Amino acid sequence: MKIAVIGSKGLPPQEGGIEHHCAEIYPSMATEGHLVDLFARSSITGLSWRDPSDFRGIRIVSLPGSRFKGVDALVNSAISTVVASLKRYDIVHFHALGPSLWVWLPHLFTRSKIIVTCHGLDWQRSKWGKFSSLLIRLGERVAVRFAHRIIVVSEDLQRYFWQTYRRETIYIANAPASYAESDSSFAAGTSFGLAKNRYILFLGRLVPEKCPDLLITAFGQLQLKGWKLVIAGGIDHLSFAKDLIGLAAGRTDIVFTGELQGSELAEIVRNAGIFVLPSALEGLSLALLEAMHEQVPVIASDLPVHQTILGEDRGILFRTNDLESCMSKLEWAVQHLPEMAIMAGNAQAYVDRHHNWHRSVVEHLTLYQQVLTSGDVHRSAKSAALHSA
């Protein structure tokens, strides 16, 4: 098969769930003999369309976007879609709802089969202004109208598309990224002033919907003796990041590491005492799956997707956007580390069983083959069973 991928910033991945997702599934497809072209942003890769690069067998085609940050992704996706429509691909796979605004182009003017993966309802994210949110929401509707298949990464998203549009989707579970080897001497942790298993970790982009401010406030009020809070992640909102630093002003037990990668990231995650995801909005957090895979005890907000992943015995949930609930669960976890360790073991077994990349690749390729032989809008028996339950 010849596959075009649109919506990724580029590879190798830096920060971003879509990029890590693409880095895991498409090299495996290339290994099996499929041709994969991933259209990337020149603003990220620093390359032009004349200089395609290779990432583990995938051809990375860098195309321009816009110098205005808010519309760079949409413009780049438009150009990528036009280029992909001029070539003969079997599958054109769009990732995220914003790029899906252009799904109609290859649908109307090529014989390619169109797949869209919804990684989350991006129009709800605070980083987008009103106009950008409207365009992303329009992209969602275009995907529903023109895509041959829509993939979602959680059952909660599957319910959303059914309840909103009566559109069947295919749930293909994400999996944790493969971490690098890490330094057993804990050199990176020591450089940040940390002790193994004695810090609480937040890992993710520093954006309002992930609620790191709630966690900082909860930790600050609890005064957990001997514990530190680590805030690890890149900055999307400069003003919000400044607010976070202001919340932690004067606190030596709150550490901002910036964006972590490679062995340093692996070391900080593997040695965390507790991983906390306080988000008010998530599709399915790869960082959460990674912490579970590394057998780190987990606390998360009680979003429907977190309720599904953590269940009753794989982690602790607190009420979303509820400071008192967050404080209560944090305090309980610190005082009941043996119980948290048991939950972490259950979580690791669950992720290994239900969330692995080999299974995801097989399900993607099976779907590609199905859509190439049928081409109709898909209404899966799996989805029908879910909605009739």
# chains A, B, ... in the order shown; residues from 1 in each chain; ligands from 1

$ residues_around --residues "Cys22 of chain A" --least-positions-apart "2" --cutoff "10 Å" --atoms "only C-alpha atoms" --output "MDAnalysis selection string"
chainID A and resid 5 7:8 10:13 17:20 24:27 38 95

$ select_by_dssp --residues "segment 105-327 of chain A" --states "strand (DSSP E or B)" --output "ChimeraX atom specification"
/A:113-118,149-152,170-171,199-203,206,228-232,235,254-258,274-277,298-301,316-318

$ write_last_selection --atoms "C-alpha atoms" --output "CSV table (one decimal), in the first residue's frame"
chain,number,residue,atom,x,y,z
A,113,LYS,CA,-9.5,6.1,0.8
A,114,ILE,CA,-9.6,8.7,3.6
A,115,ILE,CA,-9.0,7.8,7.2
A,116,VAL,CA,-9.2,10.3,10.1
A,117,THR,CA,-8.0,9.6,13.6
A,118,CYS,CA,-9.5,11.8,16.3
A,149,ARG,CA,-13.4,5.7,8.3
A,150,ILE,CA,-12.9,7.5,11.6
A,151,ILE,CA,-10.7,6.1,14.2
A,152,VAL,CA,-10.9,7.2,17.9
A,170,ILE,CA,-13.5,2.4,15.1
A,171,TYR,CA,-11.8,2.4,18.5
A,199,TYR,CA,8.6,13.2,44.2
A,200,ILE,CA,5.2,13.7,42.5
A,201,LEU,CA,5.4,14.1,38.8
A,202,PHE,CA,3.3,16.1,36.3
A,203,LEU,CA,4.3,15.4,32.7
A,206,LEU,CA,1.9,23.5,30.3
A,228,LYS,CA,8.8,17.3,46.0
A,229,LEU,CA,6.6,18.2,43.0
A,230,VAL,CA,8.1,18.0,39.5
A,231,ILE,CA,6.4,19.9,36.7
A,232,ALA,CA,7.9,18.6,33.4
A,235,ILE,CA,5.5,25.8,27.2
A,254,ILE,CA,8.5,22.5,43.4
A,255,VAL,CA,10.8,21.9,40.5
A,256,PHE,CA,10.3,23.0,36.8
A,257,THR,CA,12.4,20.8,34.5
A,258,GLY,CA,11.2,22.1,31.2
A,274,ILE,CA,3.5,9.2,42.1
A,275,PHE,CA,2.4,10.4,38.7
A,276,VAL,CA,-0.5,12.8,38.7
A,277,LEU,CA,-2.7,13.8,35.7
A,298,VAL,CA,-1.1,7.0,39.2
A,299,ILE,CA,-3.6,9.6,40.4
A,300,ALA,CA,-5.9,11.3,37.8
A,301,SER,CA,-9.0,13.4,37.4
A,316,ILE,CA,-6.8,6.7,42.2
A,317,LEU,CA,-9.3,9.2,40.8
A,318,PHE,CA,-10.3,12.6,42.2

$ select_by_dssp --residues "segment 2-81 of chain A" --states "helix (DSSP H, G or I)" --output "NGL selection string"
:A and (17-31 or 42-45 or 69-81)

$ atom_distance --atom1 "atom CA of Glu209 of chain A" --atom2 "atom CA of Ser126 of chain A"
6.7 Å

$ residues_around --residues "Ser191 of chain A" --least-positions-apart "5" --cutoff "12 Å" --atoms "only C-alpha atoms" --output "MDAnalysis selection string"
chainID A and resid 185:186 255 257 264 267:268

$ residues_around --residues "Ala4 of chain A" --least-positions-apart "2" --cutoff "8 Å" --atoms "only C-alpha atoms" --output "list in words"
Lys2, Ile6, Val36, Asp37, Leu38, Phe39, Ala84, Tyr89, Ile91, Val92 and His93 of chain A

$ residues_around --residues "His34 of chain A" --least-positions-apart "5" --cutoff "10 Å" --atoms "only C-alpha atoms" --output "PyMOL selection string"
chain A and resi 1-3+26-29+57-58+365

$ atom_distance --atom1 "atom CA of Gly46 of chain A" --atom2 "atom CA of Ala241 of chain A"
25.9 Å

$ decode --residues "segment 13-69 of chain A" --atoms "C-alpha atoms" --output "mmCIF file, in the first residue's frame"
data_model
loop_
_atom_site.group_PDB
_atom_site.id
_atom_site.type_symbol
_atom_site.label_atom_id
_atom_site.label_comp_id
_atom_site.auth_asym_id
_atom_site.auth_seq_id
_atom_site.Cartn_x
_atom_site.Cartn_y
_atom_site.Cartn_z
ATOM 1 C CA PRO A 13 8.989 13.038 17.728
ATOM 2 C CA GLN A 14 9.691 15.722 20.238
ATOM 3 C CA GLU A 15 6.698 16.668 22.381
ATOM 4 C CA GLY A 16 3.238 15.718 21.176
ATOM 5 C CA GLY A 17 1.036 12.651 21.364
ATOM 6 C CA ILE A 18 0.326 12.518 17.619
ATOM 7 C CA GLU A 19 4.023 12.510 16.773
ATOM 8 C CA HIS A 20 4.760 9.676 19.208
ATOM 9 C CA HIS A 21 1.757 7.773 17.838
ATOM 10 C CA CYS A 22 3.035 8.119 14.260
ATOM 11 C CA ALA A 23 6.580 7.211 15.306
ATOM 12 C CA GLU A 24 5.324 3.905 16.672
ATOM 13 C CA ILE A 25 2.897 2.649 14.031
ATOM 14 C CA TYR A 26 4.253 3.794 10.650
ATOM 15 C CA PRO A 27 7.817 2.403 10.863
ATOM 16 C CA SER A 28 6.256 -1.021 11.491
ATOM 17 C CA MET A 29 4.151 -0.601 8.357
ATOM 18 C CA ALA A 30 7.262 0.376 6.387
ATOM 19 C CA THR A 31 9.013 -2.732 7.700
ATOM 20 C CA GLU A 32 6.181 -4.820 6.254
ATOM 21 C CA GLY A 33 6.784 -3.309 2.820
ATOM 22 C CA HIS A 34 4.260 -0.480 2.721
ATOM 23 C CA LEU A 35 5.328 2.915 1.373
ATOM 24 C CA VAL A 36 4.634 5.690 3.891
ATOM 25 C CA ASP A 37 5.013 9.418 3.188
ATOM 26 C CA LEU A 38 4.522 11.619 6.244
ATOM 27 C CA PHE A 39 3.915 15.296 5.452
ATOM 28 C CA ALA A 40 5.564 17.511 8.062
ATOM 29 C CA ARG A 41 5.910 21.220 8.816
ATOM 30 C CA SER A 42 9.026 22.979 7.576
ATOM 31 C CA SER A 43 8.735 25.286 10.584
ATOM 32 C CA ILE A 44 9.377 22.243 12.806
ATOM 33 C CA THR A 45 11.823 20.169 10.764
ATOM 34 C CA GLY A 46 13.800 23.085 9.330
ATOM 35 C CA LEU A 47 13.814 21.356 5.920
ATOM 36 C CA SER A 48 12.176 22.128 2.580
ATOM 37 C CA TRP A 49 10.202 19.908 0.220
ATOM 38 C CA ARG A 50 13.376 19.484 -1.832
ATOM 39 C CA ASP A 51 15.036 17.704 1.102
ATOM 40 C CA PRO A 52 12.923 14.701 2.150
ATOM 41 C CA SER A 53 14.359 12.898 5.139
ATOM 42 C CA ASP A 54 14.000 9.356 6.427
ATOM 43 C CA PHE A 55 12.747 8.188 9.788
ATOM 44 C CA ARG A 56 12.992 4.416 10.242
ATOM 45 C CA GLY A 57 11.822 3.735 6.706
ATOM 46 C CA ILE A 58 9.246 6.539 6.497
ATOM 47 C CA ARG A 59 9.810 9.352 4.000
ATOM 48 C CA ILE A 60 9.351 12.713 5.731
ATOM 49 C CA VAL A 61 8.201 15.415 3.296
ATOM 50 C CA SER A 62 8.501 18.886 4.824
ATOM 51 C CA LEU A 63 6.144 21.522 3.458
ATOM 52 C CA PRO A 64 5.606 25.190 4.387
ATOM 53 C CA GLY A 65 2.784 26.544 6.494
ATOM 54 C CA SER A 66 2.270 30.055 7.791
ATOM 55 C CA ARG A 67 4.542 32.313 9.805
ATOM 56 C CA PHE A 68 1.530 32.987 12.048
ATOM 57 C CA LYS A 69 1.559 30.360 14.791
#
